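Novice: Could you have a look at this structure, given as structure tokens, before my questions?
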Amino acid sequence: MTTVLIEDYALLRVAIQHVLERVRNADDILAISPAHLLNMSSSINRPVELLVVGCSGLAEQDVGLLSQSMAFFMPRLVLVLYSVLDQGVMAACARAGVAGYLPKASNPDALAAAVNLVLAGGECYPQPVARPHGAVHAPTQELRELTQRQEEILQLLVQGKTMREIGEHVGISVATVKSHARTLYWKLNARNQAEAAYIAVQMGLVRSGGQT
């Protein structure tokens, strides 16, 4: 087990689990409610790689759940999903080293991109409020218009395709793909593929359902 999802609402828990299965092995995902955390076996293999915690909207309760679940699972990475943005809870997340603080209302592509970004070592916090040092930010310059080829390659990058896979799909060399990718990273003010994918989805630059 490498990914744990804690969410109180059953339907939302299932929906989030389906998104996680797009980027993680379904067999390695444990989805539970906060109440089940009290009955978890101490024999569970820890530390887990990724912990995803859904907030209830009650600040004290949410901070307590985050602290309790982090202490139990000892995760390498944590992503917190909120229903109502709470500056106090967000600050607590930052102090605890949480990699991402994201709205539950995020569409599946945005959530999947955020998970990939966190797993790649990035951070995602709301704009325009202050975030921990190093968190991903939107491009500071006006995004220049993308060419048709760049849009095609960006769509494939968001899907998590490798440079070689993109080259084979588009019919160009890996070197040319890398050149296009570097240009896209510059235009999006991104450091790598995961950041570029996250920013592209947040800015609506890719078609809905682009990830597989």
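Each chain in the structure tokens gets a letter, A, B and so on, in the order shown; residues start at 1 in every chain, and ligands are counted from 1 in the order they appear.
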Show me a table, sorted first by chain and then by increasing residue number, of the residues of region 53-135 of chain A having an atom at most 9 Å from region 29-41 of chain A, each with its shortest atom pair and the distance in Å to one decimal, counting only C-alpha atoms and written as a Markdown table.

Specialist:
| residue | atom | partner | partner_atom | distance |
| --- | --- | --- | --- | --- |
| A:Leu65 | CA | A:Pro34 | CA | 7.4 |
| A:Gln68 | CA | A:Leu37 | CA | 8.7 |
| A:Ser69 | CA | A:Leu37 | CA | 7.4 |
| A:Phe72 | CA | A:Leu37 | CA | 8.7 |

Novice: Take the selection from the previous step and output its residues with all heavy atoms, as a short mmCIF file (atom, residue, chain, number, x, y, z; two decimals), in the first residue's frame.

Specialist:
data_model
loop_
_atom_site.label_atom_id
_atom_site.label_comp_id
_atom_site.auth_asym_id
_atom_site.auth_seq_id
_atom_site.Cartn_x
_atom_site.Cartn_y
_atom_site.Cartn_z
N LEU A 65 -7.24 15.95 12.31
CA LEU A 65 -7.21 14.79 11.43
C LEU A 65 -5.91 14.71 10.67
O LEU A 65 -5.31 13.63 10.53
CB LEU A 65 -8.39 14.86 10.44
CG LEU A 65 -8.42 13.77 9.35
CD1 LEU A 65 -8.55 12.39 9.98
CD2 LEU A 65 -9.57 14.04 8.38
N GLN A 68 -3.17 13.60 13.11
CA GLN A 68 -3.33 12.21 13.50
C GLN A 68 -2.97 11.26 12.35
O GLN A 68 -2.25 10.27 12.55
CB GLN A 68 -4.78 11.96 13.93
CG GLN A 68 -5.05 10.52 14.39
CD GLN A 68 -6.52 10.31 14.73
OE1 GLN A 68 -7.37 11.15 14.45
NE2 GLN A 68 -6.83 9.18 15.34
N SER A 69 -3.43 11.57 11.15
CA SER A 69 -3.17 10.69 10.01
C SER A 69 -1.70 10.72 9.61
O SER A 69 -1.13 9.69 9.23
CB SER A 69 -4.06 11.08 8.82
OG SER A 69 -3.88 12.43 8.46
N PHE A 72 0.21 8.60 12.10
CA PHE A 72 -0.02 7.17 11.95
C PHE A 72 0.64 6.60 10.70
O PHE A 72 1.34 5.57 10.76
CB PHE A 72 -1.52 6.87 11.91
CG PHE A 72 -1.83 5.40 11.84
CD1 PHE A 72 -1.84 4.61 12.98
CD2 PHE A 72 -2.08 4.79 10.62
CE1 PHE A 72 -2.10 3.24 12.91
CE2 PHE A 72 -2.35 3.43 10.53
CZ PHE A 72 -2.36 2.65 11.69
#

Novice: Env of region 152-161 of chain A: 9 Å cut, atoms = only C-alpha atoms, seq-sep filter 3 positions within chain, self excluded. Answer as a PDB file with C-alpha atoms, in the first residue's frame.

Specialist:
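around14.pdb, written as the output of this step:
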ATOM      1  CA  VAL A  23      -1.979   8.026 -11.860  1.00  0.00           C
ATOM      2  CA  ASP A 109      -7.573  16.567 -14.752  1.00  0.00           C
ATOM      3  CA  ALA A 113      -2.030  16.835 -12.435  1.00  0.00           C
ATOM      4  CA  ASN A 116       1.680  13.980 -10.408  1.00  0.00           C
ATOM      5  CA  THR A 147       1.473  26.763 -32.099  1.00  0.00           C
ATOM      6  CA  GLN A 148      -0.669  23.811 -33.164  1.00  0.00           C
ATOM      7  CA  ARG A 149       2.328  21.493 -32.723  1.00  0.00           C
ATOM      8  CA  ARG A 164       9.996   8.967 -26.948  1.00  0.00           C
ATOM      9  CA  GLU A 165       6.283   8.137 -26.854  1.00  0.00           C
ATOM     10  CA  ILE A 166       5.415  11.678 -27.929  1.00  0.00           C
ATOM     11  CA  GLY A 167       7.911  11.504 -30.783  1.00  0.00           C
ATOM     12  CA  HIS A 169       2.883   9.571 -31.707  1.00  0.00           C
ATOM     13  CA  VAL A 170       3.571  12.842 -33.508  1.00  0.00           C
ATOM     14  CA  VAL A 177      10.174  16.828 -28.884  1.00  0.00           C
ATOM     15  CA  HIS A 180       9.348  21.829 -28.063  1.00  0.00           C
ATOM     16  CA  ALA A 181       9.096  20.771 -24.412  1.00  0.00           C
ATOM     17  CA  LEU A 184       6.647  24.998 -23.432  1.00  0.00           C
ATOM     18  CA  GLN A 193       6.859  18.078 -17.145  1.00  0.00           C
ATOM     19  CA  ALA A 194       4.810  17.695 -13.965  1.00  0.00           C
ATOM     20  CA  ALA A 196       3.951  22.173 -16.975  1.00  0.00           C
ATOM     21  CA  ALA A 197       1.039  19.724 -16.868  1.00  0.00           C
ATOM     22  CA  TYR A 198      -0.344  21.191 -13.648  1.00  0.00           C
ATOM     23  CA  ALA A 200      -1.568  23.891 -18.291  1.00  0.00           C
ATOM     24  CA  VAL A 201      -4.596  22.237 -16.698  1.00  0.00           C
ATOM     25  CA  LEU A 205      -4.824  25.029 -22.048  1.00  0.00           C
ATOM     26  CA  VAL A 206      -5.657  21.355 -22.566  1.00  0.00           C
ATOM     27  CA  ARG A 207      -8.841  19.555 -23.472  1.00  0.00           C
ATOM     28  CA  GLY A 210      -6.737  14.719 -21.537  1.00  0.00           C
ATOM     29  CA  GLN A 211      -5.138  12.326 -19.063  1.00  0.00           C
ATOM     30  CA  THR A 212      -5.467   8.583 -19.321  1.00  0.00           C
TER      31      THR A 212
END

Novice: For CA of Cys55 (chain A) and CA of Cys124 (chain A), determine how far apart the two atoms are, in Å to one decimal place.

Specialist: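 We find that CA of Cys55 (chain A) and CA of Cys124 (chain A) lie 16.3 Å from each other.
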
Novice: What is the distance, in Å and to one decimal place, between CA of Gly204 (chain A) and CA of Glu145 (chain A)?

Specialist: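 Between CA of Gly204 (chain A) and CA of Glu145 (chain A) the gap is 13.3 Å.
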
Novice: Residues of region 35-167 of chain A in alpha helix (DSSP H) according to DSSP, as an MDAnalysis selection string?

Specialist: chainID A and resid 35:37 59:73 87:95 108:119 148:158 163:167

Novice: I'd like to know which of A:Leu12, A:Ala190, A:Gly88, A:Val115 is closest to Leu102 (chain A), using only C-alpha atoms.

Specialist: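 Among A:Leu12, A:Ala190, A:Gly88, A:Val115, it is A:Val115 that comes nearest to Leu102 (chain A).
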
Novice: Would you mind listing what lies within 7 Å of region 13-21 of chain A as a VMD selection string, with only C-alpha atoms counted and same-chain residues fewer than 6 positions away left out?

Specialist: chain A and resid 7 31 108 112

Novice: Kindly save the residues from that selection, with N, CA and C atoms included, as a PDB file, in the first residue's frame.

Specialist:
ATOM      1  N   GLU A   7     -11.288  10.457   3.380  1.00  0.00           N
ATOM      2  CA  GLU A   7     -12.372  11.377   3.021  1.00  0.00           C
ATOM      3  C   GLU A   7     -13.658  10.889   3.675  1.00  0.00           C
ATOM      4  N   ALA A  31      -8.613   3.612   0.514  1.00  0.00           N
ATOM      5  CA  ALA A  31      -9.532   4.725   0.716  1.00  0.00           C
ATOM      6  C   ALA A  31     -10.383   4.448   1.955  1.00  0.00           C
ATOM      7  N   PRO A 108     -11.205  16.492 -12.480  1.00  0.00           N
ATOM      8  CA  PRO A 108     -10.324  15.312 -12.434  1.00  0.00           C
ATOM      9  C   PRO A 108      -8.944  15.546 -13.025  1.00  0.00           C
ATOM     10  N   ALA A 112      -5.538  15.133 -10.889  1.00  0.00           N
ATOM     11  CA  ALA A 112      -4.529  14.173 -11.341  1.00  0.00           C
ATOM     12  C   ALA A 112      -3.202  14.880 -11.585  1.00  0.00           C
TER      13      ALA A 112
END

Novice: Name the residues in contact with Ala96 (chain A) at a cut-off of 10 Å, using only C-alpha atoms, excluding same-chain residues fewer than 5 positions from it; report them as a CSV table (one decimal) with N, CA, C and O atoms, in the first residue's frame.

Specialist:
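Heads up, here's the output in result01.csv:
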chain,number,residue,atom,x,y,z
A,63,VAL,N,-7.4,20.1,11.2
A,63,VAL,CA,-6.0,20.1,11.6
A,63,VAL,C,-5.7,18.9,12.5
A,63,VAL,O,-4.6,18.3,12.4
A,66,LEU,N,-5.4,15.9,10.2
A,66,LEU,CA,-4.2,15.9,9.4
A,66,LEU,C,-3.0,15.4,10.3
A,66,LEU,O,-2.2,14.6,9.9
A,67,SER,N,-3.0,16.0,11.6
A,67,SER,CA,-1.9,15.6,12.5
A,67,SER,C,-2.0,14.1,12.8
A,67,SER,O,-0.9,13.4,12.8
A,70,MET,N,-1.1,11.9,9.7
A,70,MET,CA,0.4,12.0,9.4
A,70,MET,C,1.2,11.2,10.4
A,70,MET,O,2.2,10.5,10.1
A,78,VAL,N,2.2,14.6,1.3
A,78,VAL,CA,0.8,14.8,1.7
A,78,VAL,C,0.1,15.8,0.8
A,78,VAL,O,0.7,16.8,0.5
A,90,MET,N,-4.6,26.2,6.0
A,90,MET,CA,-3.5,26.2,5.0
A,90,MET,C,-2.1,26.5,5.7
A,90,MET,O,-1.1,25.9,5.3
A,91,ALA,N,-2.1,27.4,6.6
A,91,ALA,CA,-0.9,27.7,7.3
A,91,ALA,C,-0.4,26.5,8.1
A,91,ALA,O,0.8,26.2,8.1

Novice: May I ask for the distance between CA of Leu77 (chain A) and CA of Pro47 (chain A), given in Å to one decimal place?

Specialist: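 Going from CA of Leu77 (chain A) over to CA of Pro47 (chain A), I get 9.9 Å.
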